[in-house]
>>> print(open('model.txt').read())   # compact mmCIF, C-alpha atoms
# COMPACT_ATOMS: atom_id res chain seq x y z
CA MET S 295 3.51 83.97 -37.42
CA THR S 296 6.29 86.01 -35.83
CA THR S 297 8.79 84.19 -33.58
CA ILE S 298 10.65 86.15 -30.93
CA PRO S 299 14.17 84.83 -30.16
CA GLY S 300 14.33 83.18 -26.72
CA VAL S 301 10.52 82.91 -26.45
CA ALA S 302 8.74 79.67 -27.25
CA PRO S 303 5.75 79.91 -29.56
CA GLY S 304 2.63 80.52 -27.48
CA ALA S 305 4.61 81.25 -24.30
CA GLY S 306 5.30 84.53 -22.58
CA ALA S 307 8.55 83.60 -20.79
CA PRO S 308 12.04 83.19 -22.23
CA VAL S 309 13.29 79.64 -22.73
CA PRO S 310 16.48 79.01 -20.68
CA THR S 311 19.50 78.53 -22.87
CA ARG S 312 22.84 76.82 -22.13
CA ARG S 313 26.11 77.60 -23.77
CA ILE S 314 27.86 74.48 -25.04
CA THR S 315 31.63 74.58 -24.83
CA PRO S 316 33.25 73.27 -28.01
CA PRO S 317 35.21 70.02 -27.41
CA ASP S 318 38.50 71.67 -28.28
CA GLN S 319 37.98 74.21 -25.48
CA VAL S 320 37.14 71.70 -22.68
CA VAL S 321 39.80 71.67 -19.97
CA PRO S 322 40.23 68.07 -18.72
CA ARG S 323 40.12 67.46 -14.97
CA LYS S 324 43.59 66.77 -13.65
CA ARG S 325 44.04 63.13 -12.67
CA PRO S 326 44.99 62.77 -8.97
CA THR S 327 48.56 61.61 -8.43
CA ILE S 328 50.37 59.78 -5.65
CA ARG S 329 51.71 63.13 -4.49
CA ASP S 330 48.13 64.41 -4.15
CA VAL S 331 47.30 61.37 -2.03
CA ALA S 332 50.42 61.89 0.11
CA ARG S 333 49.54 65.56 0.67
CA GLU S 334 45.94 64.66 1.59
CA ALA S 335 47.03 61.88 3.97
CA GLY S 336 49.86 63.87 5.54
CA VAL S 337 52.44 61.18 4.77
CA SER S 338 55.39 60.84 2.44
CA TYR S 339 55.30 59.83 -1.20
CA ALA S 340 57.24 56.67 -0.27
CA THR S 341 54.62 55.66 2.32
CA VAL S 342 51.83 55.93 -0.25
CA SER S 343 53.90 53.86 -2.68
CA ARG S 344 54.47 51.16 -0.06
CA VAL S 345 50.74 50.94 0.70
CA LEU S 346 49.83 50.73 -2.98
CA ASN S 347 52.39 47.99 -3.58
CA GLY S 348 51.25 45.88 -0.63
CA ARG S 349 54.34 46.32 1.51
CA ASP S 350 53.94 45.22 5.13
CA TRP S 351 56.31 47.74 6.77
CA VAL S 352 53.72 50.54 7.04
CA SER S 353 52.02 51.37 10.34
CA PRO S 354 48.28 50.58 10.49
CA ASP S 355 47.47 54.26 11.14
CA ALA S 356 49.47 55.42 8.12
CA ALA S 357 47.94 52.74 5.89
CA GLN S 358 44.45 53.74 6.99
CA ALA S 359 45.21 57.41 6.34
CA VAL S 360 46.45 56.59 2.84
CA ARG S 361 43.37 54.52 1.99
CA ALA S 362 41.09 57.30 3.24
CA ALA S 363 43.00 59.86 1.15
CA ILE S 364 42.70 57.63 -1.92
CA ALA S 365 38.93 57.53 -1.42
CA ARG S 366 38.69 61.32 -0.99
CA THR S 367 40.87 62.23 -3.95
CA GLY S 368 39.50 59.57 -6.27
CA TYR S 369 43.02 58.37 -7.06
CA THR S 370 43.32 55.29 -9.26
CA ALA S 371 46.61 53.74 -10.23
CA ASN S 372 47.64 53.71 -13.86
CA PRO S 373 48.30 49.99 -14.29
CA HIS S 374 50.48 50.41 -17.36
CA ALA S 375 52.65 53.04 -15.70
CA ARG S 376 52.90 50.99 -12.52
CA SER S 377 53.91 47.90 -14.48
CA LEU S 378 56.64 49.82 -16.29
CA ALA S 379 57.92 51.38 -13.07
CA THR S 380 57.85 48.29 -10.87
CA GLY S 381 58.19 45.44 -13.34
CA ARG S 382 55.03 43.94 -11.86
CA SER S 383 51.58 43.29 -13.27
CA GLY S 384 49.61 43.93 -10.09
CA SER S 385 47.83 40.58 -10.57
CA ILE S 386 47.86 37.34 -8.58
CA ALA S 387 46.55 34.03 -9.95
CA PHE S 388 44.26 31.69 -8.02
CA LEU S 389 45.10 28.33 -9.61
CA LEU S 390 42.82 25.35 -8.88
CA THR S 391 44.41 22.09 -10.00
CA GLU S 392 41.16 20.09 -9.93
CA PRO S 393 38.39 19.41 -12.48
CA GLN S 394 36.19 22.42 -13.16
CA HIS S 395 33.05 20.92 -11.62
CA LEU S 396 34.68 20.79 -8.17
CA LEU S 397 34.98 24.59 -8.09
CA PHE S 398 31.18 24.72 -8.01
CA GLU S 399 30.48 21.46 -6.15
CA ASP S 400 32.90 21.82 -3.24
CA PRO S 401 32.00 24.85 -1.07
CA ASN S 402 35.55 25.06 0.29
CA PHE S 403 36.89 26.36 -3.00
CA SER S 404 34.33 29.15 -3.25
CA ILE S 405 35.07 30.23 0.34
CA LEU S 406 38.80 30.32 -0.37
CA LEU S 407 38.25 32.18 -3.63
CA ARG S 408 36.07 34.81 -1.98
CA GLY S 409 38.54 35.28 0.87
CA VAL S 410 41.48 35.62 -1.51
CA ALA S 411 39.59 38.12 -3.68
CA GLU S 412 38.79 40.30 -0.66
CA ALA S 413 42.35 40.16 0.69
CA LEU S 414 43.84 41.02 -2.71
CA ALA S 415 41.41 43.92 -3.15
CA GLN S 416 42.61 45.38 0.15
CA ARG S 417 46.12 45.42 -1.33
CA GLU S 418 44.98 46.94 -4.63
CA LEU S 419 45.81 43.69 -6.46
CA THR S 420 43.82 41.99 -9.21
CA LEU S 421 42.67 38.36 -9.03
CA VAL S 422 43.14 36.05 -12.02
CA LEU S 423 41.18 32.77 -11.73
CA MET S 424 42.60 29.74 -13.52
CA ILE S 425 41.53 26.09 -13.47
CA ALA S 426 44.03 23.42 -14.47
CA GLY S 427 42.42 20.04 -13.99
CA THR S 428 43.56 18.48 -17.27
CA PRO S 429 46.96 18.21 -18.99
CA ASP S 430 45.91 20.74 -21.64
CA GLU S 431 44.71 23.19 -18.99
CA ARG S 432 47.99 22.76 -17.10
CA ARG S 433 50.00 23.44 -20.26
CA ARG S 434 48.06 26.61 -21.01
CA ALA S 435 48.26 27.72 -17.39
CA LEU S 436 52.04 27.30 -17.31
CA THR S 437 52.46 29.34 -20.51
CA TYR S 438 50.35 32.17 -19.12
CA LEU S 439 51.70 32.16 -15.57
CA SER S 440 55.36 32.04 -16.60
CA GLY S 441 54.87 34.79 -19.18
CA GLY S 442 54.91 37.69 -16.73
CA HIS S 443 51.14 38.18 -16.72
CA VAL S 444 50.93 37.69 -12.93
CA ASP S 445 53.27 38.47 -10.05
CA GLY S 446 52.56 35.27 -8.15
CA VAL S 447 50.38 32.17 -7.96
CA LEU S 448 48.17 30.78 -5.20
CA VAL S 449 47.91 27.04 -5.86
CA VAL S 450 44.89 25.26 -4.40
CA SER S 451 44.78 21.45 -4.10
CA SER S 452 48.27 20.73 -5.40
CA HIS S 453 49.24 17.12 -6.15
CA SER S 454 52.60 15.48 -5.54
CA GLY S 455 54.30 14.47 -8.76
CA ASP S 456 52.51 17.19 -10.72
CA PRO S 457 55.24 18.83 -12.83
CA LEU S 458 53.35 22.14 -12.86
CA LEU S 459 54.70 23.17 -9.45
CA GLU S 460 58.26 22.32 -10.42
CA GLN S 461 57.87 24.22 -13.69
CA LEU S 462 56.54 27.31 -11.93
CA VAL S 463 59.44 27.25 -9.48
CA SER S 464 61.92 26.79 -12.34
CA ALA S 465 60.37 29.81 -14.07
CA ASP S 466 60.99 31.90 -10.92
CA VAL S 467 57.27 32.45 -10.35
CA PRO S 468 56.49 33.10 -6.64
CA VAL S 469 54.10 30.38 -5.41
CA VAL S 470 52.07 29.84 -2.24
CA ALA S 471 50.21 26.55 -1.81
CA CYS S 472 47.02 25.89 0.11
CA GLY S 473 48.10 22.80 2.02
CA ARG S 474 51.62 21.44 2.17
CA ALA S 475 53.30 21.38 -1.24
CA LEU S 476 54.38 17.74 -1.12
CA GLY S 477 57.96 17.42 -2.31
CA HIS S 478 58.44 21.19 -2.56
CA GLU S 479 58.26 22.27 1.08
CA GLN S 480 61.67 24.00 0.98
CA VAL S 481 60.95 26.21 -2.04
CA ILE S 482 57.21 26.92 -1.88
CA SER S 483 55.42 28.78 0.90
CA SER S 484 52.28 27.10 2.19
CA VAL S 485 49.31 27.64 4.47
CA ALA S 486 47.54 24.58 5.85
CA ALA S 487 45.10 23.55 8.50
CA ASP S 488 46.58 21.10 11.01
CA ASP S 489 45.10 18.16 9.11
CA CYS S 490 46.78 15.46 11.17
CA ALA S 491 45.69 16.87 14.53
CA GLY S 492 42.18 17.52 13.24
CA ALA S 493 41.77 13.95 12.03
CA ARG S 494 43.20 12.65 15.29
CA SER S 495 40.59 14.58 17.29
CA ALA S 496 37.76 13.26 15.10
CA VAL S 497 38.78 9.62 15.53
CA ALA S 498 39.49 10.08 19.25
CA HIS S 499 35.92 11.36 19.61
CA LEU S 500 34.56 8.20 17.98
CA ILE S 501 36.75 6.03 20.21
CA ALA S 502 35.53 7.88 23.32
CA ALA S 503 31.99 7.07 22.20
CA GLY S 504 32.77 3.37 22.36
CA ARG S 505 33.30 2.76 18.65
CA ARG S 506 35.88 0.11 17.80
CA ARG S 507 35.44 -0.72 14.10
CA ILE S 508 36.30 2.74 12.85
CA ALA S 509 36.91 3.19 9.13
CA THR S 510 38.12 6.15 7.12
CA ILE S 511 37.45 7.51 3.66
CA THR S 512 40.59 9.37 2.65
CA GLY S 513 41.15 12.09 0.11
CA PRO S 514 43.57 11.45 -2.78
CA LEU S 515 46.90 10.35 -1.34
CA ASP S 516 48.84 12.59 -3.71
CA THR S 517 47.50 15.60 -1.76
CA SER S 518 48.67 16.78 1.64
CA GLY S 519 45.11 16.71 3.00
CA GLY S 520 44.71 13.09 1.96
CA VAL S 521 48.05 12.03 3.47
CA ASP S 522 47.92 14.02 6.71
CA ARG S 523 44.32 13.16 7.59
CA LEU S 524 45.06 9.48 7.08
CA ASP S 525 48.08 9.84 9.37
CA GLY S 526 45.87 11.43 12.03
CA TYR S 527 43.39 8.55 11.77
CA ARG S 528 46.16 6.01 12.29
CA ASP S 529 47.69 8.00 15.15
CA ALA S 530 44.39 7.99 17.05
CA LEU S 531 43.94 4.23 16.64
CA ARG S 532 47.49 3.56 17.83
CA ALA S 533 47.02 5.83 20.84
CA ALA S 534 43.97 3.77 21.83
CA ASP S 535 45.74 0.44 21.18
CA LEU S 536 43.25 -0.41 18.45
CA PRO S 537 44.41 -2.52 15.49
CA LEU S 538 45.09 -0.94 12.11
CA ASP S 539 43.00 -2.80 9.53
CA ASP S 540 43.61 -1.95 5.88
CA LEU S 541 40.10 -3.18 5.06
CA LEU S 542 38.79 -0.16 6.95
CA ILE S 543 40.65 2.33 4.72
CA THR S 544 39.07 3.36 1.43
CA HIS S 545 39.95 6.24 -0.85
CA GLY S 546 37.86 9.02 -2.35
CA ASP S 547 38.45 11.98 -4.63
CA TRP S 548 36.95 14.82 -2.52
CA SER S 549 33.63 14.56 -4.40
CA ARG S 550 30.17 13.51 -3.17
CA ASP S 551 30.09 10.62 -5.65
CA GLY S 552 33.56 9.55 -4.55
CA GLY S 553 32.43 9.44 -0.92
CA ALA S 554 29.38 7.39 -1.84
CA ALA S 555 31.43 4.86 -3.82
CA ALA S 556 33.93 4.52 -0.97
CA MET S 557 31.15 3.97 1.59
CA ARG S 558 29.59 1.22 -0.53
CA ALA S 559 33.00 -0.45 -0.79
CA LEU S 560 33.42 -0.24 2.99
CA LEU S 561 30.06 -1.88 3.68
CA ASP S 562 30.95 -4.70 1.27
CA VAL S 563 34.24 -5.59 3.00
CA ALA S 564 33.46 -4.49 6.58
CA PRO S 565 29.71 -4.70 7.25
CA ASP S 566 30.40 -4.45 11.00
CA VAL S 567 31.85 -0.92 10.74
CA ASP S 568 30.45 1.29 13.51
CA GLY S 569 32.26 4.59 12.91
CA VAL S 570 33.63 6.45 9.89
CA PHE S 571 35.96 9.41 9.67
CA VAL S 572 35.55 11.01 6.24
CA ALA S 573 38.28 13.36 5.03
CA SER S 574 35.86 15.98 3.66
CA ASP S 575 32.29 17.09 4.28
CA LEU S 576 31.39 16.67 0.62
CA MET S 577 32.49 13.02 0.62
CA ALA S 578 30.68 12.57 3.96
CA ALA S 579 27.45 13.72 2.31
CA GLY S 580 27.79 10.87 -0.18
CA ALA S 581 28.61 8.41 2.61
CA LEU S 582 25.54 9.42 4.63
CA ALA S 583 23.29 8.85 1.61
CA VAL S 584 24.67 5.32 1.16
CA LEU S 585 24.24 4.49 4.86
CA ARG S 586 20.64 5.71 4.73
CA ASP S 587 19.92 3.59 1.64
CA ALA S 588 21.50 0.58 3.38
CA GLY S 589 19.20 1.00 6.38
CA ARG S 590 22.03 1.95 8.74
CA GLU S 591 21.02 4.42 11.45
CA VAL S 592 23.34 7.38 12.00
CA PRO S 593 24.71 7.71 14.63
CA GLY S 594 23.16 4.64 16.28
CA ASP S 595 24.61 2.02 13.95
CA VAL S 596 27.38 4.01 12.33
CA ALA S 597 28.71 7.34 13.61
CA VAL S 598 30.16 9.71 11.01
CA VAL S 599 32.60 12.62 11.33
CA GLY S 600 33.64 14.77 8.38
CA PHE S 601 36.29 17.43 7.84
CA ASP S 602 35.96 21.12 6.84
CA ASP S 603 32.83 22.42 8.60
CA SER S 604 31.63 23.77 5.28
CA GLY S 605 28.18 25.31 4.95
CA LEU S 606 26.99 21.89 3.79
CA ALA S 607 27.71 20.14 7.11
CA ALA S 608 24.89 21.59 9.20
CA THR S 609 22.31 21.06 6.43
CA LEU S 610 22.80 17.30 6.09
CA ASP S 611 20.49 14.69 7.64
CA PRO S 612 21.57 14.17 10.32
CA PRO S 613 23.70 17.32 10.74
CA LEU S 614 27.32 16.34 10.27
CA ALA S 615 29.89 16.35 13.06
CA THR S 616 33.08 17.63 11.51
CA VAL S 617 36.48 19.23 11.96
CA ARG S 618 36.48 22.97 11.30
CA GLN S 619 39.34 24.42 9.30
CA PRO S 620 39.37 28.25 9.26
CA LEU S 621 39.28 28.87 5.52
CA GLU S 622 38.90 32.64 5.87
CA ARG S 623 42.11 32.83 7.88
CA ILE S 624 43.85 30.49 5.44
CA SER S 625 42.98 32.74 2.50
CA ASP S 626 44.22 35.83 4.35
CA GLU S 627 47.51 34.11 5.19
CA MET S 628 47.97 32.96 1.60
CA VAL S 629 47.68 36.53 0.32
CA ARG S 630 50.07 37.77 3.02
CA LEU S 631 52.65 35.14 2.09
CA ILE S 632 52.40 35.70 -1.66
CA SER S 633 53.00 39.42 -1.06
CA GLU S 634 56.12 38.49 0.90
CA ARG S 635 57.33 36.10 -1.81
CA VAL S 636 56.79 38.72 -4.53
CA ALA S 637 58.86 41.11 -2.38
CA GLY S 638 61.69 38.55 -2.34
CA ARG S 639 61.32 36.99 1.09
CA ALA S 640 62.16 33.34 1.76
CA PRO S 641 59.48 30.60 1.68
CA VAL S 642 57.71 29.83 4.97
CA SER S 643 55.02 27.39 6.06
CA VAL S 644 52.08 28.31 8.28
CA THR S 645 49.95 25.72 10.09
CA ILE S 646 46.59 26.77 11.54
CA PRO S 647 44.77 24.85 14.32
CA THR S 648 41.46 23.09 13.70
CA GLN S 649 38.47 22.49 15.98
CA LEU S 650 36.13 19.52 16.38
CA VAL S 651 32.47 20.50 15.99
CA VAL S 652 30.08 17.87 17.37
CA ARG S 653 26.71 17.48 15.67
CA ALA S 654 24.08 14.75 15.53
CA SER S 655 25.96 12.38 13.18
CA ALA S 656 28.43 11.67 16.00
CA ASP S 657 26.79 13.19 19.07
CA LEU S 658 28.49 11.47 22.00
CA PRO S 659 25.46 10.95 24.32
CA ALA S 660 23.31 9.82 21.40
CA ILE S 661 25.87 7.17 20.44
CA SER S 662 26.54 5.96 23.95
CA ALA S 663 22.85 5.75 24.89
CA ARG S 664 22.50 2.49 22.94
CA ARG S 665 25.40 0.92 24.85
CA ARG S 666 25.25 2.23 28.40
CA THR S 667 23.13 1.74 31.50
CA GLY S 668 24.63 4.55 33.59
CA PRO S 669 23.53 8.20 33.90
CA PRO S 670 23.60 10.52 30.85
CA GLU S 671 26.98 11.94 29.94
CA PRO S 672 27.62 15.71 30.19
CA ASP S 673 27.37 17.88 27.10
CA HIS S 674 30.46 18.11 24.92
CA PRO S 675 32.03 21.59 25.22
CA ASN S 676 32.10 22.07 21.42
CA ARG S 677 28.67 20.61 20.67
CA ALA S 678 26.88 22.55 17.94
CA THR S 679 23.15 22.83 17.68
>>> encode(input="model.txt", output="structure tokens")
Amino acid sequence: MTTIPGVAPGAGAPVPTRRITPPDQVVPRKRPTIRDVAREAGVSYATVSRVLNGRDWVSPDAAQAVRAAIARTGYTANPHARSLATGRSGSIAFLLTEPQHLLFEDPNFSILLRGVAEALAQRELTLVLMIAGTPDERRRALTYLSGGHVDGVLVVSSHSGDPLLEQLVSADVPVVACGRALGHEQVISSVAADDCAGARSAVAHLIAAGRRRIATITGPLDTSGGVDRLDGYRDALRAADLPLDDLLITHGDWSRDGGAAAMRALLDVAPDVDGVFVASDLMAAGALAVLRDAGREVPGDVAVVGFDDSGLAATLDPPLATVRQPLERISDEMVRLISERVAGRAPVSVTIPTQLVVRASADLPAISARRRTGPPEPDHPNRAT
């Protein structure tokens, strides 16, 4: 059988051929540079550099033009070259100083983590997640964080007396805390919801509903959220000339099980309790389960208000009245402040307002209906369905 070059056996048409360029003759595509981005965006080299390094003194229009040019040119930073040039790693740590299970159990942490990740990505920064809930984890975290692997640390759920914060400050690591950094307010930037005012509004709502034996389940009192929400509870009782009874104060650990244990303890020492302010939605979920098992109607017998307005709150039975803290805004502010601290600016503290969200567990008309003979009360302006 005779084979004709370029013609497949049994076919009458030539087979297409493709010339393969030897590897040593391939011309690599030139990697886009910052100058290419600047030319494409119509701005200076310095402006592109400021945008890439997360500087705040760039106009919104210029920053948008630079980001669009980066997308068009396909520019990606060379992290090793940037680190050598700037002395920075381009990474920020999200450090949770709680047991690992709380990262997955408490929805607040996942919301904060997602918000921080998005805000860092907008600044071309990398997120490093670290959990330091045990002494060994804290030791390893300190070694890593003080070794130049990150440019700054976002500390979530810091505890007073924890040497980790002091050690980070001593190692000149820029730190921003979620919540007041108890004992370190002058040297650590922080972003916090107005915990005291939020708690005050929750307890005032219960008082307005006619409740007089109002208890609270606090968070850990070595955290700013635990301390400030307890202060708000006490402030509201004083403002209404109601007595402060230590029997009505129990302590939790931010977990569902901790809230349940605290609620059982409350019912043992104060069976006449008719309202409870719980310092977190997750603990409130545990408290509601205990009240249900004890045959206490909510809100008829005991009204309950939580704190956070997490995704959990509206799914509980009954839906949980709560204090909303804007976690998305908190995460954005934390990233803004850590960028400022990395750039050498002085520590600052930011406090963000909260909002009472009324749901069935403390719905004002529903509570008052058992105790009044007058006409129905008007709807609460912040009542949620």
>>> atom_distance(input="model.txt", atom1="atom CA of Thr370 of chain S", atom2="atom CA of Ser338 of chain S")
17.7 Å
>>> residues_around(input="model.txt", residues="Leu459 of chain S", least_positions_apart="6", cutoff="12 Å", atoms="all atoms listed in the file", output="number ranges by chain")
S: 389, 391, 426, 432-433, 435-436, 439-440, 447-453, 465-471, 475-479, 481-483
>>> closest_atom_pairs(input="model.txt", of="segment 414-498 of chain S", to="segment 570-582 of chain S", cutoff="8 Å", atoms="all atoms listed in the file", output="tab-separated table")
residue	atom	partner	partner_atom	distance
S:Ala493	CA	S:Phe571	CA	7.7
S:Ala496	CA	S:Phe571	CA	6.9
S:Val497	CA	S:Phe571	CA	6.5
>>> atom_distance(input="model.txt", atom1="atom CA of Ala363 of chain S", atom2="atom CA of Arg417 of chain S")
15.0 Å
>>> axis_aligned_box(input="model.txt", around="segment 600-608 of chain S", padding_each_side="5 Å", output="JSON")
{"center_x": 30.6, "center_y": 20.0, "center_z": 6.5, "size_x": 21.4, "size_y": 20.5, "size_z": 15.4}
>>> atom_distance(input="model.txt", atom1="atom CA of Ala588 of chain S", atom2="atom CA of Ser655 of chain S")
16.0 Å
>>> residues_around(input="model.txt", residues="Ala533 of chain S", least_positions_apart="3", cutoff="12 Å", atoms="all atoms listed in the file", output="JSON, numbers by chain")
{"S": [494, 495, 497, 498, 501, 502, 526, 527, 528, 529, 530, 536, 537, 538]}
>>> residues_near_point(input="model.txt", point="(51.3, 15.5, 1.8)", cutoff="12 Å", atoms="all atoms listed in the file", output="number ranges by chain")
S: 451-455, 471-479, 484, 486, 488-490, 513-525
>>> closest_residue(input="model.txt", among="S:Gly546, S:Gly552, S:Pro326, S:Gly384", to="Ala365 of chain S", atoms="only C-alpha atoms")
S:Pro326
>>> build_atoms(input="model.txt", residues="segment 431-458 of chain S", atoms="N, CA and C atoms", output="PDB file, in the frame of the given file")
ATOM      1  N   GLU S 431      44.898  22.001 -19.821  1.00  0.00           N
ATOM      2  CA  GLU S 431      44.710  23.190 -18.990  1.00  0.00           C
ATOM      3  C   GLU S 431      45.994  23.529 -18.241  1.00  0.00           C
ATOM      4  N   ARG S 432      46.723  22.512 -17.791  1.00  0.00           N
ATOM      5  CA  ARG S 432      47.990  22.760 -17.100  1.00  0.00           C
ATOM      6  C   ARG S 432      49.017  23.387 -18.049  1.00  0.00           C
ATOM      7  N   ARG S 433      49.055  22.890 -19.280  1.00  0.00           N
ATOM      8  CA  ARG S 433      50.000  23.440 -20.260  1.00  0.00           C
ATOM      9  C   ARG S 433      49.697  24.909 -20.536  1.00  0.00           C
ATOM     10  N   ARG S 434      48.425  25.216 -20.742  1.00  0.00           N
ATOM     11  CA  ARG S 434      48.060  26.610 -21.010  1.00  0.00           C
ATOM     12  C   ARG S 434      48.310  27.492 -19.799  1.00  0.00           C
ATOM     13  N   ALA S 435      48.027  26.946 -18.613  1.00  0.00           N
ATOM     14  CA  ALA S 435      48.260  27.720 -17.390  1.00  0.00           C
ATOM     15  C   ALA S 435      49.732  28.050 -17.224  1.00  0.00           C
ATOM     16  N   LEU S 436      50.603  27.062 -17.463  1.00  0.00           N
ATOM     17  CA  LEU S 436      52.040  27.300 -17.310  1.00  0.00           C
ATOM     18  C   LEU S 436      52.514  28.385 -18.279  1.00  0.00           C
ATOM     19  N   THR S 437      52.055  28.329 -19.521  1.00  0.00           N
ATOM     20  CA  THR S 437      52.460  29.340 -20.510  1.00  0.00           C
ATOM     21  C   THR S 437      52.055  30.733 -20.048  1.00  0.00           C
ATOM     22  N   TYR S 438      50.845  30.855 -19.555  1.00  0.00           N
ATOM     23  CA  TYR S 438      50.350  32.170 -19.120  1.00  0.00           C
ATOM     24  C   TYR S 438      51.068  32.637 -17.860  1.00  0.00           C
ATOM     25  N   LEU S 439      51.161  31.760 -16.867  1.00  0.00           N
ATOM     26  CA  LEU S 439      51.700  32.160 -15.570  1.00  0.00           C
ATOM     27  C   LEU S 439      53.189  32.466 -15.624  1.00  0.00           C
ATOM     28  N   SER S 440      53.913  31.795 -16.494  1.00  0.00           N
ATOM     29  CA  SER S 440      55.360  32.040 -16.600  1.00  0.00           C
ATOM     30  C   SER S 440      55.684  33.149 -17.587  1.00  0.00           C
ATOM     31  N   GLY S 441      54.643  33.761 -18.172  1.00  0.00           N
ATOM     32  CA  GLY S 441      54.870  34.790 -19.180  1.00  0.00           C
ATOM     33  C   GLY S 441      54.839  36.203 -18.637  1.00  0.00           C
ATOM     34  N   GLY S 442      54.884  36.361 -17.315  1.00  0.00           N
ATOM     35  CA  GLY S 442      54.910  37.690 -16.730  1.00  0.00           C
ATOM     36  C   GLY S 442      53.553  38.354 -16.594  1.00  0.00           C
ATOM     37  N   HIS S 443      52.478  37.590 -16.807  1.00  0.00           N
ATOM     38  CA  HIS S 443      51.140  38.180 -16.720  1.00  0.00           C
ATOM     39  C   HIS S 443      50.671  38.335 -15.274  1.00  0.00           C
ATOM     40  N   VAL S 444      51.277  37.589 -14.354  1.00  0.00           N
ATOM     41  CA  VAL S 444      50.930  37.690 -12.930  1.00  0.00           C
ATOM     42  C   VAL S 444      52.224  37.800 -12.130  1.00  0.00           C
ATOM     43  N   ASP S 445      52.097  38.341 -10.924  1.00  0.00           N
ATOM     44  CA  ASP S 445      53.270  38.470 -10.050  1.00  0.00           C
ATOM     45  C   ASP S 445      53.488  37.245  -9.190  1.00  0.00           C
ATOM     46  N   GLY S 446      52.447  36.448  -8.982  1.00  0.00           N
ATOM     47  CA  GLY S 446      52.560  35.270  -8.150  1.00  0.00           C
ATOM     48  C   GLY S 446      51.349  34.381  -8.330  1.00  0.00           C
ATOM     49  N   VAL S 447      51.436  33.164  -7.777  1.00  0.00           N
ATOM     50  CA  VAL S 447      50.380  32.170  -7.960  1.00  0.00           C
ATOM     51  C   VAL S 447      50.006  31.558  -6.616  1.00  0.00           C
ATOM     52  N   LEU S 448      48.710  31.502  -6.347  1.00  0.00           N
ATOM     53  CA  LEU S 448      48.170  30.780  -5.200  1.00  0.00           C
ATOM     54  C   LEU S 448      47.636  29.454  -5.717  1.00  0.00           C
ATOM     55  N   VAL S 449      48.289  28.357  -5.348  1.00  0.00           N
ATOM     56  CA  VAL S 449      47.910  27.040  -5.860  1.00  0.00           C
ATOM     57  C   VAL S 449      47.024  26.345  -4.832  1.00  0.00           C
ATOM     58  N   VAL S 450      45.858  25.922  -5.274  1.00  0.00           N
ATOM     59  CA  VAL S 450      44.890  25.260  -4.400  1.00  0.00           C
ATOM     60  C   VAL S 450      44.753  23.810  -4.833  1.00  0.00           C
ATOM     61  N   SER S 451      44.909  22.894  -3.864  1.00  0.00           N
ATOM     62  CA  SER S 451      44.780  21.450  -4.100  1.00  0.00           C
ATOM     63  C   SER S 451      45.897  20.932  -4.995  1.00  0.00           C
ATOM     64  N   SER S 452      47.135  21.211  -4.609  1.00  0.00           N
ATOM     65  CA  SER S 452      48.270  20.730  -5.400  1.00  0.00           C
ATOM     66  C   SER S 452      48.477  19.231  -5.176  1.00  0.00           C
ATOM     67  N   HIS S 453      49.019  18.564  -6.180  1.00  0.00           N
ATOM     68  CA  HIS S 453      49.240  17.120  -6.150  1.00  0.00           C
ATOM     69  C   HIS S 453      50.728  16.824  -6.258  1.00  0.00           C
ATOM     70  N   SER S 454      51.194  15.872  -5.436  1.00  0.00           N
ATOM     71  CA  SER S 454      52.600  15.480  -5.540  1.00  0.00           C
ATOM     72  C   SER S 454      52.825  14.813  -6.894  1.00  0.00           C
ATOM     73  N   GLY S 455      53.994  15.044  -7.456  1.00  0.00           N
ATOM     74  CA  GLY S 455      54.300  14.470  -8.760  1.00  0.00           C
ATOM     75  C   GLY S 455      53.779  15.283  -9.923  1.00  0.00           C
ATOM     76  N   ASP S 456      52.994  16.331  -9.640  1.00  0.00           N
ATOM     77  CA  ASP S 456      52.510  17.190 -10.720  1.00  0.00           C
ATOM     78  C   ASP S 456      53.653  18.104 -11.153  1.00  0.00           C
ATOM     79  N   PRO S 457      54.095  18.018 -12.409  1.00  0.00           N
ATOM     80  CA  PRO S 457      55.240  18.830 -12.830  1.00  0.00           C
ATOM     81  C   PRO S 457      54.956  20.328 -12.858  1.00  0.00           C
ATOM     82  N   LEU S 458      53.685  20.717 -12.765  1.00  0.00           N
ATOM     83  CA  LEU S 458      53.350  22.140 -12.860  1.00  0.00           C
ATOM     84  C   LEU S 458      54.035  22.948 -11.771  1.00  0.00           C
TER      85      LEU S 458
END
